[in-house]
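Taking it in order: structure first as structure tokens, then the write-up.
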Amino acid sequence: MTSSPKNPRPRVGTQIGRRDALLAGLGAGLGAGLAMAAPHAALARGASVSDNRGIIPAGGAFAQTATLQKALDDAAASGKPLFLPAGTYKTGTLTLQPGTHVHGVPGRTILKAGGEPMLTLSGADNVRLSGLVLDGGGIPLGNDGALMTATEATGLDVSECRFLNSGGSGMNLRKTSGRLANCTFGNIASAALFSEDASALEISNNHIHDCGDNGILVWRSETGEDGTLISANRIERIAAKSGGSGQNGNGVNVFRAGSVLVTQNHIADCAFSAVRSNAASNCQMVANSCARSGEVALYAEFGFEGALIANNIVDTAATGISVTNFNEGGRLAVVQGNIVRNLFFRKTGEVRGNGIAVEADTTVSGNVVEGAPAYGIIVGWGEYLRDVAVTGNVVRKSHIGIGVAASAGAGTALITDNLIDGAQDGAIRAMKGPTPIGPDLALASAESYPNLAVYANVVR
């Protein structure tokens, strides 16, 4: 997803039949009525109510691309907002100029597509949209197609809009700053929202549901600082129809984008991860509620430095939390204060069934893990272990409470002050790869493993 789709030119000169001419003839009579339809709605925003400029909410009976485009251009040039009354407007691609402000009646002002992107802007600042429904009708939009695209836009403000039934994505943003809030993205063939190379972008309080591949994607073309804020969104039923081993099927996917904050989201029923951070340093996953993830619920992987995963609830997943790929440079994390429960065993691909798994330069503290069919907590993998402290956790009803890498070349781990209850095959076990070896280190000496310090744990 690195190139922006070419948007078709707006269609003009559409032939109008006798029935359409009769409808158009109503325009003059409707003008005053349209202007009066909702003056309070526009004025409540401090906006002037512009006239209808010949736009007719005709139930999508005929395309109004040229008329809508002229109305948008005139409104942007005049500095006045354009108010679209309730109704359905069939349109092709509309280009938004700098300063365009469009308001509709939330849920009732509907732009209906004909198999092409509806709204596009490039190099525009201060564009504001609210109360619009963009309905793609499920018609395919081609590679990287979306109902709305924005490139190098600053101060974009989209609120109380609905992006529905897209045959591609909901919205594609590149090098864009601004705010997307209180919107709905539903029945989207690909991703609800794709952002690449953002600057000062906020994505908050949106409802995203029933997407074919992903919910929110925050990517960068090259590794670097991003700073996107993703907060208080409700994301549910995200499939992975395009397949793959994790690039699809995620509620939130962060790729190469540094310092992204993912907080206070409710994310449920994702084919792979609730939040997946790939090669993204200083990512924070804080206070999210994650239910029914098909693979790892909260994932920090590959070449990153710095991850904070704290105060989340994970209920039902193949693995709760994974901080991994030290072999690719993945290191430096805090996993603290999470509740992870109801894990299930999955044999397809990499074997799962663990509560928390970490590898390098990480502290794991104050977490509660319950119901892991494999390991409650895994520390390291093979030789990939360095400087991990596991302290003050509660692990209940797991097959093995804590497993720690003891292969040649594995680094140091400290495991102390944990409470482990109901482990079926040992509270603390050394591992060679996925296989437990030796005695239960919570009950026997760990002197045979010079890289490990294991003491003061409570076993029941």
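Following the order of the structure tokens, first chain is A, next is B, and so on, with residues numbered from 1 inside each chain and ligands from 1 in the order they appear.
Residues lying within 9 Å of A:Ala410, counting only C-alpha atoms and ignoring same-chain neighbours fewer than 4 positions away, are Gly380, Trp381, Gly382, Glu383, Tyr384, Leu385, Arg386, Ala405, Ala406 and Asn451 of chain A.
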Extract, using only C-alpha atoms, all DNA, RNA and protein residues at most 10 Å from A:Glu196, discarding same-chain residues fewer than 4 positions from it, and format them as a short mmCIF file (atom, residue, chain, number, x, y, z; two decimals) with N, CA and C atoms, in the first residue's frame.
```
data_model
loop_
_atom_site.label_atom_id
_atom_site.label_comp_id
_atom_site.auth_asym_id
_atom_site.auth_seq_id
_atom_site.Cartn_x
_atom_site.Cartn_y
_atom_site.Cartn_z
N MET A 1 0.83 -1.18 0.00
CA MET A 1 0.00 0.00 0.00
C MET A 1 0.88 1.24 0.00
N THR A 2 1.54 1.49 -1.12
CA THR A 2 2.47 2.60 -1.17
C THR A 2 2.13 3.62 -2.23
N THR A 151 -4.16 13.31 0.31
CA THR A 151 -2.70 13.29 0.19
C THR A 151 -2.16 14.67 0.54
N ASN A 172 -8.19 6.39 2.70
CA ASN A 172 -6.73 6.31 2.55
C ASN A 172 -6.13 7.69 2.74
N LEU A 173 -5.17 7.80 3.67
CA LEU A 173 -4.52 9.07 3.96
C LEU A 173 -3.02 8.91 3.75
N ARG A 174 -2.39 9.90 3.11
CA ARG A 174 -0.94 9.92 2.96
C ARG A 174 -0.41 11.31 3.30
N LYS A 175 0.56 11.34 4.21
CA LYS A 175 1.19 12.59 4.63
C LYS A 175 0.13 13.60 5.06
N THR A 176 -0.76 13.15 5.91
CA THR A 176 -1.91 13.95 6.30
C THR A 176 -1.94 14.15 7.81
N LEU A 217 -4.86 0.96 9.96
CA LEU A 217 -3.46 0.76 9.60
C LEU A 217 -2.73 2.09 9.73
N VAL A 218 -1.68 2.12 10.54
CA VAL A 218 -0.82 3.31 10.64
C VAL A 218 0.58 2.88 10.23
N TRP A 219 0.99 3.27 9.04
CA TRP A 219 2.24 2.83 8.45
C TRP A 219 3.12 4.04 8.12
N ARG A 220 4.40 3.74 7.91
CA ARG A 220 5.30 4.72 7.32
C ARG A 220 6.07 4.06 6.18
N SER A 221 6.39 4.83 5.16
CA SER A 221 7.14 4.28 4.03
C SER A 221 8.56 3.93 4.43
N GLU A 222 9.10 4.63 5.45
CA GLU A 222 10.39 4.30 6.05
C GLU A 222 10.26 4.44 7.56
N ASP A 226 6.19 9.04 14.13
CA ASP A 226 4.85 9.24 13.57
C ASP A 226 3.94 9.96 14.57
N PHE A 255 3.02 -0.13 11.56
CA PHE A 255 4.17 -0.65 10.82
C PHE A 255 5.17 0.47 10.57
N ARG A 256 6.35 0.34 11.16
CA ARG A 256 7.47 1.28 11.01
C ARG A 256 7.16 2.68 11.56
N ALA A 257 6.05 2.85 12.21
CA ALA A 257 5.62 4.17 12.70
C ALA A 257 5.95 4.30 14.19
#
```
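Across A:Gly243, A:Gly337, A:Pro140, A:Gly155, the tightest approach to A:Val286 is made by A:Gly337 when counting only C-alpha atoms.
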Rows by chain and residue number, stretch 213-245 of chain A within 12 Å of stretch 289-310 of chain A, shortest pair, only C-alpha atoms, as CSV:
```
residue,atom,partner,partner_atom,distance
A:Thr223,CA,A:Phe304,CA,9.7
A:Gly224,CA,A:Phe304,CA,10.9
A:Ser231,CA,A:Ser289,CA,11.7
A:Ala232,CA,A:Ser289,CA,10.2
A:Asn233,CA,A:Ser289,CA,10.6
A:Arg234,CA,A:Ser289,CA,9.7
A:Ile235,CA,A:Cys290,CA,9.6
A:Glu236,CA,A:Ala291,CA,9.2
A:Arg237,CA,A:Arg292,CA,9.7
A:Ile238,CA,A:Ser293,CA,9.7
A:Ala239,CA,A:Gly294,CA,9.8
A:Ala240,CA,A:Gly294,CA,10.4
A:Ser245,CA,A:Glu295,CA,9.8
```
If you run DSSP on the backbone, which residues of stretch 172-398 of chain A are strand (DSSP E), as a count of residues only? 139
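Shell of stretch 145-149 of chain A at 7 Å, with only C-alpha atoms counted and residues fewer than 4 places along the chain excluded, is Pro5, Pro117, Met118, Leu119, Thr120, Leu121, Leu134, Gly136, Leu141, Ser166, Gly168, Ser169, Gly170, Met171, Asn172 and Leu173 of chain A.
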Could you take the residues named above and write them with all heavy atoms, as a compact mmCIF listing (two decimals), in the first residue's frame?
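Here's the written file result-v1.txt:
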```txt
# COMPACT_ATOMS: atom_id res chain seq x y z
N PRO A 5 -4.22 5.63 -5.57
CA PRO A 5 -4.91 5.33 -6.81
C PRO A 5 -5.18 6.57 -7.61
O PRO A 5 -5.35 7.66 -7.08
CB PRO A 5 -6.21 4.68 -6.31
CG PRO A 5 -6.40 5.21 -4.95
CD PRO A 5 -5.02 5.39 -4.38
N PRO A 117 -13.91 6.28 -6.36
CA PRO A 117 -13.80 7.05 -5.12
C PRO A 117 -14.70 8.28 -5.16
O PRO A 117 -14.87 8.89 -6.21
CB PRO A 117 -12.31 7.46 -5.09
CG PRO A 117 -11.63 6.43 -5.93
CD PRO A 117 -12.61 6.07 -7.01
N MET A 118 -15.26 8.62 -4.02
CA MET A 118 -16.21 9.75 -4.00
C MET A 118 -15.55 11.08 -3.67
O MET A 118 -15.85 12.08 -4.30
CB MET A 118 -17.33 9.45 -3.02
CG MET A 118 -18.42 8.59 -3.62
SD MET A 118 -19.83 8.39 -2.53
CE MET A 118 -19.26 7.04 -1.54
N LEU A 119 -14.69 11.10 -2.66
CA LEU A 119 -14.06 12.35 -2.23
C LEU A 119 -12.55 12.21 -2.30
O LEU A 119 -12.00 11.21 -1.82
CB LEU A 119 -14.48 12.71 -0.80
CG LEU A 119 -15.98 12.92 -0.55
CD1 LEU A 119 -16.23 13.25 0.91
CD2 LEU A 119 -16.55 14.01 -1.44
N THR A 120 -11.89 13.22 -2.86
CA THR A 120 -10.43 13.21 -2.92
C THR A 120 -9.90 14.61 -2.71
O THR A 120 -10.53 15.60 -3.12
CB THR A 120 -9.95 12.63 -4.27
OG1 THR A 120 -8.53 12.57 -4.28
CG2 THR A 120 -10.43 13.47 -5.44
N LEU A 121 -8.77 14.72 -2.06
CA LEU A 121 -8.11 16.01 -1.89
C LEU A 121 -6.62 15.81 -1.85
O LEU A 121 -6.14 14.77 -1.41
CB LEU A 121 -8.58 16.74 -0.62
CG LEU A 121 -8.40 16.05 0.72
CD1 LEU A 121 -8.18 17.09 1.82
CD2 LEU A 121 -9.63 15.23 1.08
N LEU A 134 -21.03 8.17 3.12
CA LEU A 134 -20.44 7.77 1.85
C LEU A 134 -20.73 6.29 1.68
O LEU A 134 -20.18 5.45 2.40
CB LEU A 134 -18.93 8.03 1.82
CG LEU A 134 -18.47 9.45 1.47
CD1 LEU A 134 -18.90 10.44 2.56
CD2 LEU A 134 -16.97 9.51 1.31
N GLY A 136 -20.58 3.10 -0.72
CA GLY A 136 -19.96 2.58 -1.93
C GLY A 136 -20.77 1.52 -2.65
O GLY A 136 -20.38 1.09 -3.74
N LEU A 141 -13.42 -1.16 -6.03
CA LEU A 141 -12.76 0.13 -6.27
C LEU A 141 -11.35 -0.03 -6.83
O LEU A 141 -10.63 0.95 -6.95
CB LEU A 141 -12.70 0.95 -4.98
CG LEU A 141 -14.06 1.45 -4.47
CD1 LEU A 141 -13.90 2.11 -3.10
CD2 LEU A 141 -14.67 2.44 -5.45
N SER A 166 -17.94 -0.30 1.22
CA SER A 166 -16.86 -0.01 0.27
C SER A 166 -16.36 -1.29 -0.37
O SER A 166 -16.09 -2.28 0.32
CB SER A 166 -15.70 0.69 0.98
OG SER A 166 -14.62 0.86 0.08
N GLY A 168 -13.48 -1.36 -1.61
CA GLY A 168 -12.05 -1.27 -1.34
C GLY A 168 -11.87 -0.91 0.13
O GLY A 168 -12.35 -1.62 1.02
N SER A 169 -11.18 0.19 0.39
CA SER A 169 -11.02 0.68 1.76
C SER A 169 -12.02 1.79 2.05
O SER A 169 -12.71 2.28 1.15
CB SER A 169 -9.59 1.19 1.96
OG SER A 169 -8.66 0.12 1.89
N GLY A 170 -12.08 2.17 3.33
CA GLY A 170 -12.94 3.28 3.69
C GLY A 170 -12.28 4.60 3.39
O GLY A 170 -12.82 5.43 2.66
N MET A 171 -11.07 4.81 3.95
CA MET A 171 -10.34 6.07 3.78
C MET A 171 -8.86 5.79 3.68
O MET A 171 -8.32 5.03 4.48
CB MET A 171 -10.62 7.01 4.96
CG MET A 171 -9.98 8.38 4.85
SD MET A 171 -10.22 9.40 6.34
CE MET A 171 -11.99 9.61 6.33
N ASN A 172 -8.19 6.39 2.70
CA ASN A 172 -6.73 6.31 2.55
C ASN A 172 -6.13 7.69 2.74
O ASN A 172 -6.53 8.64 2.06
CB ASN A 172 -6.35 5.79 1.16
CG ASN A 172 -6.58 4.30 1.01
OD1 ASN A 172 -6.82 3.59 1.99
ND2 ASN A 172 -6.51 3.81 -0.22
N LEU A 173 -5.17 7.80 3.67
CA LEU A 173 -4.52 9.07 3.96
C LEU A 173 -3.02 8.91 3.75
O LEU A 173 -2.43 7.92 4.19
CB LEU A 173 -4.77 9.50 5.41
CG LEU A 173 -6.22 9.56 5.89
CD1 LEU A 173 -6.26 9.93 7.36
CD2 LEU A 173 -7.02 10.55 5.06
```
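With only C-alpha atoms as the atoms that count, the minimum distance from A:Met431 to the choices A:Ala444, A:Leu180, A:Tyr375, A:Lys397 is reached by A:Tyr375.
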Can you tell me, as number ranges by chain, what residues are no more than 6 Å from stretch 81-91 of chain A when counting only C-alpha atoms, ignoring any on the same chain fewer than 6 positions away? A: 50, 57, 59-60, 63-65, 75, 101-105, 108-113
Quote the spacing between atom CA of A:Thr95 and atom CA of A:Thr184 in Å to one decimal place. 21.8 Å
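When atom CA of A:Asn278 is paired with atom CA of A:Thr324, their separation reads 10.1 Å.
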Excluding A:Leu452 and any residue of its chain fewer than 2 positions from it, enumerate the residues within 8 Å of it, using only C-alpha atoms, and give them as a ChimeraX atom specification. /A:412-415,446,449-450,454
Would you compute the distance between atom CA of A:Gln336 and atom CA of A:Ser365? Give it in Å to one decimal. 5.0 Å
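Once A:Val394 and its same-chain neighbours fewer than 5 positions away are set aside, Gly366, Asn367, Val368, Val369, Glu370, Asn418, Leu419, Ile420 and Asp421 of chain A remain within 9 Å of it when counting only C-alpha atoms.
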